[in-house]
Each structure stands twice: as structure tokens, then as C-alpha cells.
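J.: Attaching a single structure in C-alpha cells format; questions to follow.
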Amino acid sequence: MIGNTDPRAVRTRQKLVAAFHEEIRDCDPGVMSVSALARAAGVNRTSFYQHFASPEDLAIHALSDLFDVVRNADIAMRSQHSVPAAEASRRALHEIVSFVHQRRESYVRLLGPGAAPQLVRAVSEAFTERTVQALEQMDSRPAGADPRVTAQFLAGGVLGVIGAWLGAQPGPWSANQLVEMLVQCLPGWLNAD
């Protein structure tokens, strides 16, 4: 039902995502229960399962929405040449880092050093899928640059660095400094016009 655009379904998903963000501040996602999430969202368990298979699935959805927004904005900026490619990369990374930074207490549990490996893997796979779609539409991609391999590299690198950054208390860099360092790590052709 994640694709369901009925206003009631959308509201239910929004309630569940909000409840997830509240609950994860105090609870490891590996022990989070469907009952607790449904109760916090003000919905029943059946409604939860109409949208998500598990709390981990809900966590992935919460980040996947961000990846979709970032991917769409990045594709639009690059295809319309509204900003230089390096700026498109910077803005996309800024959106991701800012989103995670604003929810640091939650996302340190999802991406930080103590995160469950299957959850990190699932988030990385979601990031990869969205990135593949963006890379396939890039005119500047070199002929030998496989979109899937590049997307896996970017997802693993970006999420790995963000996870380490989240786990460092206090963080050695500001969110803006982290974005600039990540931009420098990108393959040169991604930032070329």
C-alpha cells in the first residue's frame, strides 16, 4: 500500500513515520514493536501491516522518501542545467546530511556504529536503487561507468561516512563541512558539466 495515494492511506503512513521518529529516540529499531508503533501513531496493527511489513520496513520507508525527493531534485537540476553539476551534487548531499542531522538522535540508531547490519544494508539498497535511476539519466556518465556499481559505491560511501559522523560525539565536523568533504569524494565526472 505504499503506492496508495488515497488521502487516508497517506495520512496513516505519515502518522506511522512520525511515530517511528518519536519512538526511535528511546528504542533500538531491532526491538521496536509493531504494537508500540501503531499505538503511538493512533492506528491499529492491521493498518500498520497494510503499509509496512515490519518496523525496519517503516525505517527504510522514512529514509526512502528523502532519497526520492533528493533524486528527483538532482535529476531536474542536472537535466535543466539550472545549476552546475557540482552544485547539484552539493545540494543533493546537503539535503541528505541536513535531514539526518535534524534527526540525529534517531538516525544514529539507524546508520551509526551500533546499527543493525540488515537495516544498514536495506537503507543502502534503497539509496542505491534511487541513485541508479538518477545515474541512468545522466548525459555526462562515461561509457564504462556502470550505473549500478557507481550507485553501490556512492551509497556505501555516503552512508558509511554519515554513519561514522553520527556516531562521533561530539561530531568533528559541522553538517556543512561534511557535505563539502563528501562532494570532494565524488567521481569527477559527477561534478563535470
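Simple scheme: letters A, B, ... for chains in C-alpha cells order, numbers from 1 for residues in each chain, numbers from 1 for ligands in the order shown.
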With only C-alpha atoms as the counted atoms, please give the residues lying no more than 12 Å from His21 in chain A, apart from itself and same-chain residues fewer than 5 positions off, as a ChimeraX atom specification.
T.: /A:14-16,26-29,32,37,40-41,55,58-63,100,102-110
J.: Check range 91-181 of chain A with DSSP on the backbone and list each residue it calls helix (DSSP H, G or I), as number ranges by chain.
T.: A: 91-102, 104-111, 117-136, 147-167, 175-181
J.: Write out as a ChimeraX atom specification each polymer residue whose atoms come within 8 Å of Ile75 in chain A, counting only C-alpha atoms; drop sequence neighbours fewer than 4 positions from it.
T.: /A:71,79,134,137-138
J.: Would you write out those residues with all heavy atoms, as a PDB file, in the first residue's frame?
T.:
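Just written: selection.pdb:
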```
ATOM      1  N   ARG A  71      16.673  12.520  -5.272  1.00  0.00           N
ATOM      2  CA  ARG A  71      16.897  12.039  -6.635  1.00  0.00           C
ATOM      3  C   ARG A  71      16.159  12.893  -7.649  1.00  0.00           C
ATOM      4  O   ARG A  71      16.724  13.319  -8.652  1.00  0.00           O
ATOM      5  CB  ARG A  71      16.440  10.590  -6.770  1.00  0.00           C
ATOM      6  CG  ARG A  71      16.652  10.062  -8.206  1.00  0.00           C
ATOM      7  CD  ARG A  71      15.778   8.888  -8.553  1.00  0.00           C
ATOM      8  NE  ARG A  71      14.379   9.282  -8.535  1.00  0.00           N
ATOM      9  CZ  ARG A  71      13.398   8.484  -8.164  1.00  0.00           C
ATOM     10  NH1 ARG A  71      13.633   7.271  -7.775  1.00  0.00           N
ATOM     11  NH2 ARG A  71      12.155   8.908  -8.168  1.00  0.00           N
ATOM     12  N   SER A  79      19.297  17.900 -15.591  1.00  0.00           N
ATOM     13  CA  SER A  79      18.726  17.850 -16.944  1.00  0.00           C
ATOM     14  C   SER A  79      18.372  19.239 -17.466  1.00  0.00           C
ATOM     15  O   SER A  79      18.444  19.492 -18.652  1.00  0.00           O
ATOM     16  CB  SER A  79      17.505  16.933 -16.977  1.00  0.00           C
ATOM     17  OG  SER A  79      16.482  17.434 -16.148  1.00  0.00           O
ATOM     18  N   ALA A 134      18.895   7.859 -11.141  1.00  0.00           N
ATOM     19  CA  ALA A 134      19.443   9.175 -11.466  1.00  0.00           C
ATOM     20  C   ALA A 134      20.637   9.048 -12.418  1.00  0.00           C
ATOM     21  O   ALA A 134      20.741   9.792 -13.395  1.00  0.00           O
ATOM     22  CB  ALA A 134      19.851   9.906 -10.190  1.00  0.00           C
ATOM     23  N   GLN A 137      20.117   8.507 -16.189  1.00  0.00           N
ATOM     24  CA  GLN A 137      19.643   9.654 -16.953  1.00  0.00           C
ATOM     25  C   GLN A 137      20.715  10.714 -17.191  1.00  0.00           C
ATOM     26  O   GLN A 137      20.458  11.717 -17.834  1.00  0.00           O
ATOM     27  CB  GLN A 137      18.445  10.290 -16.248  1.00  0.00           C
ATOM     28  CG  GLN A 137      17.268   9.350 -16.163  1.00  0.00           C
ATOM     29  CD  GLN A 137      16.063  10.005 -15.537  1.00  0.00           C
ATOM     30  OE1 GLN A 137      15.849  11.202 -15.681  1.00  0.00           O
ATOM     31  NE2 GLN A 137      15.264   9.221 -14.833  1.00  0.00           N
ATOM     32  N   MET A 138      21.922  10.482 -16.700  1.00  0.00           N
ATOM     33  CA  MET A 138      22.988  11.471 -16.835  1.00  0.00           C
ATOM     34  C   MET A 138      23.685  11.375 -18.179  1.00  0.00           C
ATOM     35  O   MET A 138      24.170  10.308 -18.564  1.00  0.00           O
ATOM     36  CB  MET A 138      24.017  11.297 -15.718  1.00  0.00           C
ATOM     37  CG  MET A 138      23.526  11.730 -14.365  1.00  0.00           C
ATOM     38  SD  MET A 138      24.821  11.603 -13.130  1.00  0.00           S
ATOM     39  CE  MET A 138      25.957  12.852 -13.750  1.00  0.00           C
TER      40      MET A 138
END
```
J.: Excluding Gly157 in chain A and its own-chain neighbours fewer than 5 positions away, which residues fall within 9 Å of it when counting only C-alpha atoms? Please give them as a ChimeraX atom specification.
T.: /A:152,162,182,185
J.: When you draw a straight line from CA of Val132 in chain A to CA of Phe153 in chain A, how long is it in Å?
T.: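 Separating CA of Val132 in chain A from CA of Phe153 in chain A is a distance of 10.9 Å.
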J.: For Ser140 in chain A, which residue among A:Arg8, A:Arg78, A:Arg25, A:Arg45 is the nearest when counting only C-alpha atoms?
T.: A:Arg78
J.: Taking into account only C-alpha atoms, which residue in the set A:Thr131, A:Thr5, A:Gln177, A:Asn72 is nearest to Gly156 in chain A?
T.: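 Under the stated criterion, the closest residue is A:Thr131.
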J.: With a distance cut-off of 12 Å and only C-alpha atoms, select the neighbouring residues of Gln50 in chain A, excluding the residue or stretch itself and same-chain residues fewer than 4 positions from it, and output the selection as a list of chain:residue names.
T.: A:Met1, A:Ile2, A:Gly3, A:Asn4, A:Ala9, A:Val10, A:Thr12, A:Arg13, A:Leu16, A:Val34, A:Ala38, A:Val43, A:Asn44, A:Arg45, A:Thr46, A:Ser54, A:Asp57, A:Leu58
J.: Just checking: using only C-alpha atoms, which residue out of A:Pro172, A:Ala85, A:Asp68, A:Phe99 ends up closest to Gln133 in chain A?
T.: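 Of the candidates, the smallest distance to Gln133 in chain A is held by A:Asp68.
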J.: Can you tell me, as a list of chain:residue names, what residues are no more than 9 Å from Leu178 in chain A when counting only C-alpha atoms, ignoring any on the same chain fewer than 2 positions away?
T.: A:His94, A:Val97, A:Val161, A:Ile162, A:Trp165, A:Trp173, A:Ser174, A:Ala175, A:Asn176, A:Glu180, A:Met181, A:Leu182, A:Val183
J.: Restrict the selected residues to N, CA and C atoms and save them as a PDB file, in the first residue's frame.
T.:
```
ATOM      1  N   HIS A  94      23.600  17.903   0.629  1.00  0.00           N
ATOM      2  CA  HIS A  94      23.152  18.785   1.710  1.00  0.00           C
ATOM      3  C   HIS A  94      21.772  18.363   2.215  1.00  0.00           C
ATOM      4  N   VAL A  97      22.311  15.071   4.300  1.00  0.00           N
ATOM      5  CA  VAL A  97      23.005  15.315   5.567  1.00  0.00           C
ATOM      6  C   VAL A  97      22.131  16.147   6.501  1.00  0.00           C
ATOM      7  N   VAL A 161      30.084   7.171   5.709  1.00  0.00           N
ATOM      8  CA  VAL A 161      30.644   8.393   6.288  1.00  0.00           C
ATOM      9  C   VAL A 161      29.616   9.063   7.203  1.00  0.00           C
ATOM     10  N   ILE A 162      28.370   9.134   6.754  1.00  0.00           N
ATOM     11  CA  ILE A 162      27.333   9.743   7.590  1.00  0.00           C
ATOM     12  C   ILE A 162      27.153   8.942   8.886  1.00  0.00           C
ATOM     13  N   TRP A 165      29.999   9.720  11.166  1.00  0.00           N
ATOM     14  CA  TRP A 165      29.828  11.099  11.643  1.00  0.00           C
ATOM     15  C   TRP A 165      28.767  11.158  12.741  1.00  0.00           C
ATOM     16  N   TRP A 173      32.998  17.495  12.673  1.00  0.00           N
ATOM     17  CA  TRP A 173      32.701  18.462  11.608  1.00  0.00           C
ATOM     18  C   TRP A 173      31.246  18.884  11.685  1.00  0.00           C
ATOM     19  N   SER A 174      30.991  20.080  11.201  1.00  0.00           N
ATOM     20  CA  SER A 174      29.608  20.533  11.078  1.00  0.00           C
ATOM     21  C   SER A 174      28.968  19.815   9.892  1.00  0.00           C
ATOM     22  N   ALA A 175      27.651  19.908   9.775  1.00  0.00           N
ATOM     23  CA  ALA A 175      26.948  19.294   8.640  1.00  0.00           C
ATOM     24  C   ALA A 175      27.457  19.878   7.331  1.00  0.00           C
ATOM     25  N   ASN A 176      27.682  21.188   7.278  1.00  0.00           N
ATOM     26  CA  ASN A 176      28.162  21.825   6.039  1.00  0.00           C
ATOM     27  C   ASN A 176      29.575  21.368   5.684  1.00  0.00           C
ATOM     28  N   GLU A 180      30.786  19.304   2.204  1.00  0.00           N
ATOM     29  CA  GLU A 180      31.910  19.700   1.350  1.00  0.00           C
ATOM     30  C   GLU A 180      32.916  18.571   1.189  1.00  0.00           C
ATOM     31  N   MET A 181      33.171  17.834   2.271  1.00  0.00           N
ATOM     32  CA  MET A 181      34.109  16.705   2.179  1.00  0.00           C
ATOM     33  C   MET A 181      33.532  15.595   1.297  1.00  0.00           C
ATOM     34  N   LEU A 182      32.233  15.350   1.405  1.00  0.00           N
ATOM     35  CA  LEU A 182      31.603  14.325   0.569  1.00  0.00           C
ATOM     36  C   LEU A 182      31.629  14.717  -0.898  1.00  0.00           C
ATOM     37  N   VAL A 183      31.406  15.990  -1.202  1.00  0.00           N
ATOM     38  CA  VAL A 183      31.456  16.462  -2.592  1.00  0.00           C
ATOM     39  C   VAL A 183      32.832  16.170  -3.185  1.00  0.00           C
TER      40      VAL A 183
END
```
J.: Using only C-alpha atoms, can you tell me which of A:Leu186, A:Leu111, A:Met77, A:Leu119 comes closest to Gly30 in chain A?
T.: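 Residue with the minimum atom-to-atom distance to Gly30 in chain A: A:Leu119.
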J.: Quick one: distance from CA of Glu95 in chain A to CA of Asp74 in chain A in Å, one decimal?
T.: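 These atoms are spaced 10.4 Å apart.
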J.: Find, counting only C-alpha atoms, the residue in A:Ile96, A:Arg130, A:Leu166, A:Leu154 that gets nearest to Gly114 in chain A.
T.: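 Using only C-alpha atoms, Gly114 in chain A sits closest to A:Leu166.
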